[in-house]
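The structure appears right after this line, and notes come after that.
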Amino acid sequence: MLIAVILGVFMFSVTQSHPSYKSRILNGNNVPDPCCPGRKWGRVGHTSPRDTALNNFGRDFQQNNYQFTEQLCLADSDGDGIPNGLELGLNTTRHNLQTLCQFIGSNPFNNQLVQFLERSYLLANPIGHPGLCDQDRCPPHLRYRCGRC
């Protein structure tokens, strides 16, 4: 019985989201919950706030060795027509998305980089969720269905 309890606790801890991953994602701590205005989505790469299954962004992040790369920045993981970098808040009024994503991908992703982007007005608040098709134009088969807040 004790072994079952220990194994259960271990499995629960392994399947929980990794808070450190949020710090490896552009604006990872600020991604809005598309279902509950004003709330943040705690598990950016997961299909729901409580589910352990990965969404397309989570799978793309995993395939990029858990790094926010140029490729991940330019990708549209959720298929809503908006690249991940734009959904996560990159401001393209002075530079195009390709240039910004290339800059991010060619520098170590850390707090200094994020602070530089913010101070330079190149990073604002996210406008959507990169792993959930949450735009009105999303095809019905891709549209995220909200549960309760």
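Residue numbering restarts at 1 for every chain of the structure tokens, chains are lettered A, B, ... in their displayed order, and ligands are numbered from 1 as they appear.
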
For A:Asp136: contacts at 10 Å, only C-alpha atoms, fewer than 4 positions along chain excluded, given as a list in words: Asp80, Pro140 and Arg143 of chain A

May I have the selected residues written with C-alpha atoms, as a PDB file, in the first residue's frame?
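This is the output file out.pdb:
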```
ATOM      1  CA  ASP A  80      -5.522  30.512 -36.023  1.00  0.00           C
ATOM      2  CA  PRO A 140     -14.988  24.897 -35.870  1.00  0.00           C
ATOM      3  CA  ARG A 143     -11.824  26.159 -32.019  1.00  0.00           C
TER       4      ARG A 143
END
```

Excluding A:Gly45 and any residue of its chain fewer than 3 positions from it, enumerate the residues within 12 Å of it, using only C-alpha atoms, and give them as a PDB file with C-alpha atoms, in the first residue's frame.
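Result went into out_2.pdb, see below:
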```
ATOM      1  CA  GLN A  16       2.264  18.524 -13.475  1.00  0.00           C
ATOM      2  CA  SER A  17       3.351  21.421 -15.652  1.00  0.00           C
ATOM      3  CA  HIS A  18       6.886  22.629 -15.303  1.00  0.00           C
ATOM      4  CA  PRO A  19       6.916  26.210 -13.990  1.00  0.00           C
ATOM      5  CA  TYR A  21       9.126  26.103 -18.871  1.00  0.00           C
ATOM      6  CA  LYS A  22       7.012  29.258 -18.610  1.00  0.00           C
ATOM      7  CA  ARG A  24      11.539  29.804 -21.374  1.00  0.00           C
ATOM      8  CA  ILE A  25       8.528  31.059 -23.346  1.00  0.00           C
ATOM      9  CA  GLY A  28       5.004  32.683 -20.642  1.00  0.00           C
ATOM     10  CA  ASN A  29       3.658  34.032 -17.352  1.00  0.00           C
ATOM     11  CA  VAL A  31      -0.632  34.263 -21.581  1.00  0.00           C
ATOM     12  CA  TRP A  41      -3.317  30.456 -18.517  1.00  0.00           C
ATOM     13  CA  GLY A  42      -1.046  28.612 -16.109  1.00  0.00           C
ATOM     14  CA  SER A  48      -6.468  22.942 -20.413  1.00  0.00           C
ATOM     15  CA  PRO A  49      -5.502  24.460 -17.072  1.00  0.00           C
ATOM     16  CA  ARG A  50      -5.893  21.046 -15.434  1.00  0.00           C
ATOM     17  CA  ASP A  51      -5.024  18.601 -18.213  1.00  0.00           C
ATOM     18  CA  THR A  52      -1.608  17.047 -18.704  1.00  0.00           C
ATOM     19  CA  ALA A  53      -2.022  16.530 -22.462  1.00  0.00           C
ATOM     20  CA  LEU A  54       0.029  18.856 -24.626  1.00  0.00           C
ATOM     21  CA  ASN A  55      -1.556  21.230 -27.114  1.00  0.00           C
ATOM     22  CA  ASN A  56       0.135  21.908 -30.474  1.00  0.00           C
ATOM     23  CA  PHE A  57       2.247  24.712 -28.999  1.00  0.00           C
ATOM     24  CA  GLY A  58       3.397  22.364 -26.227  1.00  0.00           C
ATOM     25  CA  ARG A  59       4.356  19.730 -28.789  1.00  0.00           C
ATOM     26  CA  ASP A  60       6.188  22.337 -30.895  1.00  0.00           C
ATOM     27  CA  PHE A  61       7.973  23.626 -27.776  1.00  0.00           C
ATOM     28  CA  GLN A  62       8.973  20.051 -26.925  1.00  0.00           C
ATOM     29  CA  GLN A  63      10.249  19.460 -30.491  1.00  0.00           C
ATOM     30  CA  TYR A  66      11.969  23.278 -24.701  1.00  0.00           C
ATOM     31  CA  SER A  77       1.016  26.293 -33.592  1.00  0.00           C
ATOM     32  CA  ASP A  78      -2.727  26.610 -33.028  1.00  0.00           C
ATOM     33  CA  HIS A 129      -2.892  31.935 -26.699  1.00  0.00           C
ATOM     34  CA  PRO A 130      -0.330  30.255 -28.995  1.00  0.00           C
ATOM     35  CA  GLY A 131      -1.635  26.746 -28.347  1.00  0.00           C
ATOM     36  CA  LEU A 132      -5.406  27.252 -28.413  1.00  0.00           C
TER      37      LEU A 132
END
```

Filtered DSSP result for stretch 1-126 of chain A, state alpha helix (DSSP H), as a PyMOL selection string: chain A and resi 2-15+19-22+56-63+70-74+84-87+97-105+111-119

Would you save the residues from that selection as a CSV table (one decimal), in the first residue's frame, using C-alpha atoms?
```
chain,number,residue,atom,x,y,z
A,2,LEU,CA,2.8,2.4,0.9
A,3,ILE,CA,4.5,1.7,-2.4
A,4,ALA,CA,1.2,2.6,-4.3
A,5,VAL,CA,0.9,5.9,-2.4
A,6,ILE,CA,4.5,6.8,-3.1
A,7,LEU,CA,4.2,5.8,-6.7
A,8,GLY,CA,0.9,7.9,-7.0
A,9,VAL,CA,2.6,11.0,-5.5
A,10,PHE,CA,5.6,10.6,-7.8
A,11,MET,CA,3.4,10.2,-10.9
A,12,PHE,CA,1.3,13.3,-9.9
A,13,SER,CA,4.4,15.4,-9.5
A,14,VAL,CA,5.8,14.2,-12.8
A,15,THR,CA,2.7,15.0,-14.8
A,19,PRO,CA,6.9,26.2,-14.0
A,20,SER,CA,10.4,26.6,-15.3
A,21,TYR,CA,9.1,26.1,-18.9
A,22,LYS,CA,7.0,29.3,-18.6
A,56,ASN,CA,0.1,21.9,-30.5
A,57,PHE,CA,2.2,24.7,-29.0
A,58,GLY,CA,3.4,22.4,-26.2
A,59,ARG,CA,4.4,19.7,-28.8
A,60,ASP,CA,6.2,22.3,-30.9
A,61,PHE,CA,8.0,23.6,-27.8
A,62,GLN,CA,9.0,20.1,-26.9
A,63,GLN,CA,10.2,19.5,-30.5
A,70,GLU,CA,13.1,31.5,-34.1
A,71,GLN,CA,11.1,28.6,-35.7
A,72,LEU,CA,8.7,28.4,-32.8
A,73,CYS,CA,8.3,32.2,-32.8
A,74,LEU,CA,7.4,32.2,-36.5
A,84,ASN,CA,3.2,32.5,-32.0
A,85,GLY,CA,5.5,35.5,-31.7
A,86,LEU,CA,2.6,37.9,-32.4
A,87,GLU,CA,0.2,36.1,-30.1
A,97,LEU,CA,8.2,39.5,-37.2
A,98,GLN,CA,11.0,37.7,-39.1
A,99,THR,CA,13.6,40.1,-37.8
A,100,LEU,CA,12.3,40.0,-34.2
A,101,CYS,CA,12.1,36.2,-34.2
A,102,GLN,CA,15.6,35.9,-35.7
A,103,PHE,CA,16.9,38.3,-33.0
A,104,ILE,CA,15.3,36.2,-30.2
A,105,GLY,CA,16.5,33.0,-31.7
A,111,ASN,CA,15.3,37.8,-18.3
A,112,GLN,CA,17.8,40.2,-19.8
A,113,LEU,CA,16.5,39.5,-23.3
A,114,VAL,CA,12.9,39.9,-22.3
A,115,GLN,CA,13.7,43.2,-20.4
A,116,PHE,CA,15.5,44.5,-23.4
A,117,LEU,CA,12.5,43.7,-25.6
A,118,GLU,CA,10.2,45.4,-23.1
A,119,ARG,CA,12.3,48.5,-22.7
```

Interatomic distance, atom CA of A:Tyr144 to atom CA of A:Pro126 (Å, one decimal):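 Atom-to-atom, atom CA of A:Tyr144 and atom CA of A:Pro126 are spaced 17.4 Å apart.
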
Selected residue of minimal separation from A:Ser106 among A:Thr69, A:Asn30, A:Thr93, A:Asn64, counting only C-alpha atoms: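 Result for the nearest residue to A:Ser106: A:Thr69.
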
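Going from atom CA of A:Arg43 over to atom CA of A:Asn65, you cover 17.1 Å.
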
Pairwise distance for atom CA of A:Asp134 and atom CA of A:Asn91, rounded to one decimal in Å: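 Between atom CA of A:Asp134 and atom CA of A:Asn91 the gap is 19.7 Å.
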
Determine which residues of chain A receive a DSSP assignment of strand (DSSP E or B), computed from the backbone, and state them as a PDB file with C-alpha atoms, in the first residue's frame.
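File written: out.pdb
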```pdb
ATOM      1  CA  PRO A  32      -4.339  35.063 -21.264  1.00  0.00           C
ATOM      2  CA  LYS A  40      -3.679  33.914 -16.980  1.00  0.00           C
ATOM      3  CA  HIS A  46      -1.271  22.095 -22.198  1.00  0.00           C
ATOM      4  CA  LEU A  54       0.029  18.856 -24.626  1.00  0.00           C
ATOM      5  CA  LEU A  90       5.873  40.938 -30.131  1.00  0.00           C
ATOM      6  CA  LEU A 123       7.305  43.264 -26.451  1.00  0.00           C
ATOM      7  CA  CYS A 133      -7.306  28.430 -31.461  1.00  0.00           C
ATOM      8  CA  ARG A 143     -11.824  26.159 -32.019  1.00  0.00           C
TER       9      ARG A 143
END
```
